[in-house]
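Data block for final.cif (mmCIF, C-alpha atoms):
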```cif
data_coords
#
loop_
_atom_site.label_atom_id
_atom_site.label_comp_id
_atom_site.auth_asym_id
_atom_site.auth_seq_id
_atom_site.Cartn_x
_atom_site.Cartn_y
_atom_site.Cartn_z
CA MET D 1352 -46.19 -33.46 -43.81
CA VAL D 1353 -45.44 -35.04 -40.45
CA LEU D 1354 -41.90 -34.57 -39.17
CA TRP D 1355 -40.40 -37.63 -37.47
CA LYS D 1356 -37.30 -37.41 -35.29
CA PRO D 1357 -34.76 -40.24 -35.82
CA THR D 1358 -35.40 -41.37 -32.22
CA GLU D 1359 -39.15 -41.63 -32.92
CA ARG D 1360 -38.60 -43.68 -36.09
CA GLN D 1361 -36.20 -45.94 -34.21
CA ALA D 1362 -38.62 -46.39 -31.26
CA VAL D 1363 -41.50 -47.35 -33.56
CA THR D 1364 -39.57 -49.67 -35.87
CA SER D 1365 -37.70 -51.49 -33.10
CA ILE D 1366 -40.91 -52.29 -31.19
CA TRP D 1367 -42.77 -53.17 -34.42
CA ALA D 1368 -40.06 -55.66 -35.38
CA LYS D 1369 -41.16 -57.71 -32.37
CA ILE D 1370 -44.90 -57.38 -32.96
CA ASP D 1371 -46.88 -60.49 -33.91
CA ALA D 1372 -49.59 -59.24 -36.29
CA GLU D 1373 -51.90 -62.13 -35.41
CA GLY D 1374 -51.43 -62.30 -31.63
CA HIS D 1375 -51.21 -58.57 -30.97
CA GLY D 1376 -53.88 -57.95 -33.60
CA GLN D 1377 -56.31 -60.27 -31.82
CA ASP D 1378 -55.48 -58.71 -28.44
CA THR D 1379 -56.04 -55.19 -29.81
CA LEU D 1380 -59.34 -55.95 -31.51
CA GLU D 1381 -60.62 -57.95 -28.50
CA ARG D 1382 -59.88 -55.00 -26.25
CA LEU D 1383 -61.75 -52.65 -28.60
CA LEU D 1384 -64.81 -54.92 -28.74
CA ILE D 1385 -64.87 -55.62 -24.98
CA VAL D 1386 -63.92 -52.24 -23.52
CA TYR D 1387 -66.00 -50.22 -26.05
CA PRO D 1388 -68.89 -52.61 -26.79
CA TRP D 1389 -70.64 -50.25 -29.24
CA THR D 1390 -67.86 -50.95 -31.73
CA ARG D 1391 -69.32 -54.44 -32.26
CA ARG D 1392 -72.00 -52.85 -34.44
CA TYR D 1393 -69.43 -52.51 -37.24
CA PHE D 1394 -68.79 -56.25 -37.32
CA ASP D 1395 -72.26 -57.77 -37.80
CA THR D 1396 -70.85 -60.41 -40.13
CA PHE D 1397 -68.50 -61.79 -37.45
CA GLY D 1398 -71.17 -63.87 -35.73
CA ASP D 1399 -71.23 -64.39 -31.98
CA MET D 1400 -69.63 -61.55 -30.03
CA SER D 1401 -72.09 -61.60 -27.15
CA SER D 1402 -69.48 -62.27 -24.44
CA SER D 1403 -65.74 -61.91 -23.85
CA GLU D 1404 -65.44 -65.68 -24.25
CA ALA D 1405 -67.24 -65.63 -27.60
CA ILE D 1406 -65.07 -62.74 -28.81
CA HIS D 1407 -61.90 -64.52 -27.70
CA GLN D 1408 -62.83 -67.66 -29.64
CA ASN D 1409 -64.16 -65.88 -32.73
CA PRO D 1410 -61.87 -66.69 -35.69
CA LYS D 1411 -63.06 -63.63 -37.64
CA VAL D 1412 -61.89 -61.38 -34.81
CA ARG D 1413 -58.47 -62.98 -34.98
CA ALA D 1414 -58.29 -62.67 -38.77
CA HIS D 1415 -59.44 -59.07 -38.77
CA GLY D 1416 -57.06 -58.10 -35.98
CA LYS D 1417 -54.20 -59.41 -38.10
CA LYS D 1418 -55.47 -57.43 -41.12
CA VAL D 1419 -55.65 -54.20 -39.13
CA LEU D 1420 -52.19 -54.65 -37.63
CA SER D 1421 -50.70 -55.48 -41.01
CA ALA D 1422 -52.14 -52.22 -42.37
CA ILE D 1423 -50.55 -50.34 -39.46
CA GLY D 1424 -47.28 -52.09 -40.28
CA GLU D 1425 -47.56 -50.81 -43.85
CA CYS D 1426 -48.02 -47.28 -42.47
CA ILE D 1427 -44.82 -47.72 -40.49
CA ASN D 1428 -43.01 -48.62 -43.72
CA ARG D 1429 -44.25 -45.31 -45.16
CA MET D 1430 -44.03 -42.98 -42.20
CA ASP D 1431 -43.41 -39.95 -44.42
CA ASP D 1432 -46.71 -40.23 -46.24
CA ILE D 1433 -49.18 -42.05 -44.03
CA LYS D 1434 -51.94 -39.71 -45.22
CA GLY D 1435 -51.34 -40.61 -48.88
CA TYR D 1436 -51.08 -44.32 -48.14
CA LEU D 1437 -54.32 -44.34 -46.12
CA ALA D 1438 -56.41 -42.29 -48.59
CA PRO D 1439 -58.12 -45.34 -50.18
CA LEU D 1440 -58.75 -46.91 -46.75
CA SER D 1441 -60.13 -43.58 -45.53
CA ILE D 1442 -62.62 -43.51 -48.43
CA LEU D 1443 -63.59 -47.10 -47.63
CA HIS D 1444 -64.21 -46.34 -43.93
CA SER D 1445 -66.25 -43.26 -44.84
CA ASP D 1446 -68.24 -44.32 -47.89
CA THR D 1447 -68.69 -48.06 -47.39
CA LEU D 1448 -68.12 -48.96 -43.75
CA HIS D 1449 -69.57 -45.71 -42.26
CA VAL D 1450 -67.28 -45.84 -39.23
CA ASP D 1451 -67.38 -42.87 -36.82
CA PRO D 1452 -63.77 -41.58 -36.90
CA GLU D 1453 -63.80 -41.27 -33.10
CA ASN D 1454 -63.39 -45.04 -33.05
CA PHE D 1455 -59.95 -44.77 -34.69
CA HIS D 1456 -58.68 -43.08 -31.51
CA LEU D 1457 -60.18 -45.88 -29.43
CA LEU D 1458 -58.44 -48.54 -31.52
CA GLY D 1459 -55.17 -46.61 -31.20
CA ASN D 1460 -55.64 -46.58 -27.43
CA CYS D 1461 -56.24 -50.35 -27.37
CA LEU D 1462 -53.16 -51.01 -29.49
CA ILE D 1463 -51.01 -48.93 -27.13
CA ILE D 1464 -52.37 -50.83 -24.13
CA ALA D 1465 -51.79 -54.19 -25.89
CA ILE D 1466 -48.19 -53.16 -26.60
CA ALA D 1467 -47.69 -51.91 -23.02
CA ALA D 1468 -49.03 -55.18 -21.60
CA SER D 1469 -46.79 -57.18 -23.92
CA PHE D 1470 -43.54 -55.20 -23.65
CA GLY D 1471 -43.68 -54.09 -19.99
CA GLU D 1472 -40.66 -52.01 -19.03
CA ALA D 1473 -39.38 -51.86 -22.61
CA PHE D 1474 -42.38 -49.63 -23.32
CA THR D 1475 -40.61 -46.56 -21.94
CA PRO D 1476 -42.11 -43.02 -21.88
CA ASP D 1477 -40.28 -42.01 -25.06
CA VAL D 1478 -41.45 -45.14 -26.88
CA GLU D 1479 -44.97 -44.45 -25.62
CA ALA D 1480 -44.79 -40.86 -26.88
CA ALA D 1481 -43.72 -42.08 -30.35
CA PHE D 1482 -46.65 -44.50 -30.49
CA HIS D 1483 -49.18 -41.88 -29.35
CA LYS D 1484 -47.91 -39.70 -32.19
CA LEU D 1485 -48.03 -42.57 -34.71
CA MET D 1486 -51.61 -43.52 -33.79
CA ALA D 1487 -52.68 -39.86 -33.93
CA VAL D 1488 -51.20 -39.56 -37.43
CA ILE D 1489 -52.87 -42.81 -38.52
CA SER D 1490 -56.25 -41.70 -37.08
CA ALA D 1491 -55.91 -38.38 -38.90
CA GLY D 1492 -54.98 -40.17 -42.14
CA LEU D 1493 -57.98 -42.49 -41.85
CA SER D 1494 -60.31 -39.54 -41.17
CA ARG D 1495 -58.90 -37.35 -43.92
CA GLN D 1496 -61.17 -38.41 -46.82
CA TYR D 1497 -64.40 -38.20 -44.84
CA HIS D 1498 -67.04 -35.93 -46.28
CA MET A 1220 -74.56 -42.43 -8.69
CA VAL A 1221 -72.17 -44.83 -10.40
CA HIS A 1222 -73.15 -48.49 -10.32
CA TRP A 1223 -70.33 -50.98 -9.79
CA GLU A 1224 -70.73 -54.70 -10.50
CA ALA A 1225 -69.38 -57.06 -7.85
CA THR A 1226 -66.78 -58.32 -10.37
CA GLU A 1227 -65.62 -54.74 -11.01
CA ARG A 1228 -65.19 -54.05 -7.28
CA GLN A 1229 -63.30 -57.31 -6.87
CA THR A 1230 -61.02 -56.54 -9.83
CA ILE A 1231 -60.23 -53.05 -8.55
CA THR A 1232 -59.37 -54.13 -5.01
CA SER A 1233 -57.33 -57.18 -5.99
CA PHE A 1234 -55.29 -55.36 -8.64
CA TRP A 1235 -54.82 -52.23 -6.53
CA GLY A 1236 -53.34 -54.41 -3.77
CA LYS A 1237 -50.45 -55.16 -6.11
CA VAL A 1238 -49.77 -51.59 -7.24
CA ASP A 1239 -46.51 -50.01 -6.01
CA LEU A 1240 -47.71 -46.45 -5.38
CA ALA A 1241 -44.23 -44.92 -5.60
CA ALA A 1242 -43.03 -46.80 -8.69
CA GLN A 1243 -46.27 -46.64 -10.69
CA GLY A 1244 -47.01 -43.13 -9.41
CA GLU A 1245 -43.64 -41.86 -10.56
CA ASN A 1246 -43.99 -43.73 -13.85
CA SER A 1247 -47.44 -42.21 -14.48
CA LEU A 1248 -46.40 -38.64 -13.78
CA GLN A 1249 -43.19 -39.01 -15.85
CA ARG A 1250 -45.26 -40.16 -18.82
CA LEU A 1251 -47.86 -37.42 -18.35
CA LEU A 1252 -45.14 -34.76 -18.41
CA TYR A 1253 -43.20 -36.26 -21.32
CA VAL A 1254 -46.06 -37.33 -23.59
CA ASN A 1255 -48.14 -34.17 -22.86
CA PRO A 1256 -45.48 -31.49 -22.28
CA TRP A 1257 -48.00 -28.68 -21.72
CA CYS A 1258 -48.74 -30.32 -18.35
CA CYS A 1259 -45.30 -29.17 -17.18
CA ARG A 1260 -46.77 -25.68 -16.79
CA TYR A 1261 -48.56 -26.83 -13.65
CA PHE A 1262 -45.32 -27.94 -12.02
CA HIS A 1263 -42.97 -24.94 -12.40
CA LYS A 1264 -41.73 -25.34 -8.83
CA PHE A 1265 -40.44 -28.85 -9.65
CA GLY A 1266 -37.45 -27.38 -11.47
CA ASP A 1267 -36.02 -28.93 -14.61
CA LEU A 1268 -38.56 -30.97 -16.61
CA SER A 1269 -37.17 -30.13 -20.03
CA THR A 1270 -36.03 -33.63 -21.10
CA ILE A 1271 -36.97 -37.22 -20.30
CA SER A 1272 -33.73 -37.65 -18.29
CA ALA A 1273 -34.43 -34.49 -16.29
CA ILE A 1274 -37.97 -35.73 -15.61
CA ARG A 1275 -36.63 -39.16 -14.54
CA LYS A 1276 -34.11 -37.63 -12.10
CA ASN A 1277 -36.56 -35.15 -10.61
CA SER A 1278 -37.34 -36.15 -7.01
CA HIS A 1279 -40.46 -33.94 -6.93
CA VAL A 1280 -41.93 -36.06 -9.74
CA ARG A 1281 -41.56 -39.24 -7.68
CA ALA A 1282 -43.03 -37.62 -4.57
CA HIS A 1283 -45.95 -36.08 -6.41
CA GLY A 1284 -46.64 -39.21 -8.45
CA THR A 1285 -46.91 -41.16 -5.20
CA LYS A 1286 -49.28 -38.53 -3.80
CA VAL A 1287 -51.54 -38.64 -6.88
CA LEU A 1288 -51.72 -42.43 -7.01
CA SER A 1289 -52.38 -42.61 -3.25
CA ALA A 1290 -55.28 -40.21 -3.72
CA LEU A 1291 -56.63 -42.47 -6.47
CA GLY A 1292 -56.28 -45.45 -4.13
CA ASP A 1293 -58.16 -43.51 -1.43
CA CYS A 1294 -61.16 -43.36 -3.77
CA ILE A 1295 -61.46 -47.14 -3.76
CA PRO A 1296 -63.08 -47.47 -0.30
CA HIS A 1297 -65.56 -44.82 -1.53
CA LEU A 1298 -66.56 -46.36 -4.87
CA GLY A 1299 -70.20 -45.63 -4.05
CA ASP A 1300 -69.58 -41.87 -3.79
CA ILE A 1301 -66.34 -40.88 -5.50
CA LYS A 1302 -67.89 -37.56 -6.48
CA GLY A 1303 -68.57 -36.64 -2.86
CA HIS A 1304 -65.21 -37.94 -1.69
CA LEU A 1305 -63.32 -35.86 -4.27
CA ALA A 1306 -65.33 -32.62 -3.90
CA PRO A 1307 -62.63 -30.85 -1.82
CA LEU A 1308 -59.87 -31.91 -4.26
CA SER A 1309 -62.03 -30.78 -7.16
CA LYS A 1310 -62.38 -27.31 -5.60
CA LEU A 1311 -58.62 -27.20 -5.05
CA HIS A 1312 -57.86 -28.07 -8.68
CA CYS A 1313 -60.33 -25.44 -9.88
CA GLU A 1314 -59.82 -22.52 -7.51
CA THR A 1315 -56.18 -22.82 -6.50
CA LEU A 1316 -54.35 -24.96 -9.03
CA HIS A 1317 -56.35 -23.82 -12.11
CA VAL A 1318 -55.90 -27.16 -13.88
CA ASP A 1319 -57.77 -27.68 -17.17
CA PRO A 1320 -60.02 -30.72 -16.45
CA ALA A 1321 -59.09 -32.26 -19.82
CA ASN A 1322 -55.80 -33.16 -18.16
CA PHE A 1323 -57.56 -35.45 -15.67
CA TYR A 1324 -58.68 -37.65 -18.55
CA LEU A 1325 -55.15 -37.61 -20.02
CA LEU A 1326 -53.69 -38.73 -16.70
CA GLY A 1327 -56.35 -41.43 -16.40
CA LYS A 1328 -55.38 -42.77 -19.83
CA ILE A 1329 -51.70 -42.76 -18.83
CA ILE A 1330 -52.40 -44.57 -15.55
CA THR A 1331 -54.26 -47.28 -17.52
CA ILE A 1332 -51.25 -47.70 -19.81
CA VAL A 1333 -48.87 -47.90 -16.83
CA LEU A 1334 -51.04 -50.55 -15.18
CA ALA A 1335 -51.08 -52.53 -18.47
CA SER A 1336 -47.30 -52.32 -18.63
CA HIS A 1337 -47.00 -53.44 -14.98
CA PHE A 1338 -49.50 -56.30 -15.03
CA GLY A 1339 -48.79 -57.61 -18.54
CA ALA A 1340 -51.06 -60.40 -19.74
CA LYS A 1341 -53.07 -60.27 -16.48
CA PHE A 1342 -54.36 -56.86 -17.65
CA THR A 1343 -57.07 -58.52 -19.70
CA PRO A 1344 -59.68 -56.58 -21.70
CA GLU A 1345 -62.11 -56.97 -18.77
CA VAL A 1346 -59.58 -55.57 -16.31
CA GLN A 1347 -58.84 -52.75 -18.76
CA ALA A 1348 -62.55 -51.94 -19.03
CA THR A 1349 -62.88 -51.79 -15.23
CA PHE A 1350 -59.93 -49.47 -14.77
CA GLU A 1351 -60.98 -47.24 -17.69
CA LYS A 1352 -64.32 -46.88 -15.91
CA LEU A 1353 -62.62 -46.05 -12.60
CA VAL A 1354 -60.33 -43.38 -14.05
CA ALA A 1355 -63.24 -41.86 -16.01
CA VAL A 1356 -65.34 -41.66 -12.82
CA VAL A 1357 -62.41 -40.09 -10.94
CA ALA A 1358 -61.79 -37.56 -13.75
CA ALA A 1359 -65.48 -36.63 -13.82
CA ALA A 1360 -65.53 -36.26 -10.01
CA LEU A 1361 -62.44 -34.04 -10.08
CA SER A 1362 -64.18 -31.86 -12.65
CA SER A 1363 -67.51 -31.74 -10.77
CA GLN A 1364 -66.86 -28.66 -8.59
CA TYR A 1365 -65.50 -26.52 -11.42
CA HIS A 1366 -67.25 -23.22 -11.96
#
```
Once you've parsed the file, please lay out its structure as structure tokens.
Amino acid sequence: MVLWKPTERQAVTSIWAKIDAEGHGQDTLERLLIVYPWTRRYFDTFGDMSSSEAIHQNPKVRAHGKKVLSAIGECINRMDDIKGYLAPLSILHSDTLHVDPENFHLLGNCLIIAIAASFGEAFTPDVEAAFHKLMAVISAGLSRQYH
Amino acid sequence: MVHWEATERQTITSFWGKVDLAAQGENSLQRLLYVNPWCCRYFHKFGDLSTISAIRKNSHVRAHGTKVLSALGDCIPHLGDIKGHLAPLSKLHCETLHVDPANFYLLGKIITIVLASHFGAKFTPEVQATFEKLVAVVAAALSSQYH
């Protein structure tokens, strides 16, 4: 079980209270698809993602970004058992979506950069540390049911 | 040899012109030491690095952060041969400083986050991709003389 210090919980929840699942979700997923272009292979049904412009205008990217960020929000509501909460999603990513778990770290990285760009100086080193830990725990939870 | 698109070169030089080497250098090193505490072992002579406030007050951290970011900036006029340009520094990190090269990639990731925090919305996915490429090339070059 992951141990969270009160300061870490506070850092995560206070930033998350100001997160816009749709706006930050779109930013995060766009960054993933543009900076790590091989990740587009998992989203064949999204249509045109051939350029940054196409990705930016793609409504499925926006919708899916919101879905992903909402799921992360649910993890934050259950910080003491992220592994348990993510078990069904882990099975889905392994058995149905066949996503290489390495990509979870990349998404975590993109989310942190999206938050840094949005919050600027409020994204202090201790807040950053808490989010690195959170995304590592989420990546581990999502990888846990792989076989 | 690394190939750089004209747009990538342009992005690097125009953004780097607006980087404050002391402020962003200090910020980057603070985050490296706080988020990845094992890195403190390389900086014993800096004195107290045990807490985030100690790290923030430490004048060696500011001075060294400036030095590291200046060295990164010095690579920019040599984009066509960063590996050659950094060969002496690579030997130093291997033979004298004994730094695990994995830490170069960690610092690169941190520098990207600091730049995102500094530039905000201007740090678009395309700019992120360019800087992730630059820090990866620098990390690889710093590792190249290891034996």
* Asked: chain D residues within 10 Å of chain A, counting only C-alpha atoms: which ones, as number ranges by chain?
  -> D: 1378-1387, 1403, 1460-1461, 1463-1484
* Determine the residue membership of the PyMOL selection byres ((chain D and resi 1394) around 12) for the file above and supply it as a PyMOL selection string. => chain D and resi 1380+1383-1384+1388-1393+1395-1401+1406+1409+1411-1412+1415-1416+1448-1450
* Compile the contact shell of Gly1459 in chain D as a ChimeraX atom specification: residues with an atom at most 8 Å away, counting all atoms listed in the file, same-chain residues fewer than 5 positions apart removed. => /D:1483,1486-1487,1490
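Closest approach to Ala1241 in chain A from the set A:Ser1269, A:Gln1229, A:Thr1285, A:Asn1277 is made by A:Thr1285, with distances taken over all atoms listed in the file.
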* To one decimal in Å, tell me the separation between CA of Phe1262 in chain A and CA of Leu1291 in chain A. => 19.2 Å
* Hits of the PyMOL selection byres ((chain D and resi 1420) around 8) in this structure, as an MDAnalysis selection string -> chainID D and resid 1372:1373 1375:1376 1416:1419 1421:1424
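Considering the residues A:His1304, A:His1279, A:His1312, A:Arg1228 and counting only C-alpha atoms, Asp1267 in chain A has its shortest atom-to-atom contact with A:His1279.
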As AutoDock Vina command-line options: centre and edge lengths in Å, one decimal, of the axis-aligned box holding range 1381-1386 of chain D with 5 Å per side:
```
--center_x -62.4 --center_y -55.1 --center_z -26.1 --size_x 15.0 --size_y 15.7 --size_z 15.2
```
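Between Ser1365 in chain D and the candidates D:Glu1453, D:Arg1495, D:Ile1427, D:Ser1445, the tightest atom-to-atom separation, counting only C-alpha atoms, involves D:Ile1427.
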* Work out how far apart CA of Lys1310 in chain A and CA of Gln1364 in chain A are and give it in Å to one decimal. => 5.6 Å
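One distance worth recording is that between CA of His1366 in chain A and CA of Lys1286 in chain A, which is 25.0 Å.
Using the PyMOL selection byres ((chain A and resi 1319) around 12) on this structure selects A:Trp1257, A:Cys1258, A:Arg1260, A:Tyr1261, A:Ser1309, A:His1312, A:Cys1313, A:Glu1314, A:Thr1315, A:Leu1316, A:His1317, A:Val1318, A:Pro1320, A:Ala1321, A:Asn1322, A:Phe1323, A:Tyr1324, A:Leu1325, A:Leu1326, A:Ala1358, A:Leu1361, A:Ser1362, A:Tyr1365, A:His1366.
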* Asked: With all atoms listed in the file as the basis for distance, which of D:Ala1414, D:Leu1354, D:Ile1370, D:Ile1489 is at the shortest distance from Gly1435 in chain D?
  -> D:Ile1489
* May I have the residues at most 10 Å from (-47.3, -39.2, -4.7) in the file's coordinates, counting all atoms listed in the file, as a PyMOL selection string? => chain A and resi 1240-1245+1248+1279-1290
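Residues in contact with Pro1452 in chain D at 9 Å, where only C-alpha atoms are counted and same-chain residues fewer than 4 positions away are skipped, are listed as His1444, Ser1445, His1456, Ser1490, Ala1491, Leu1493, Ser1494 and Tyr1497 of chain D.
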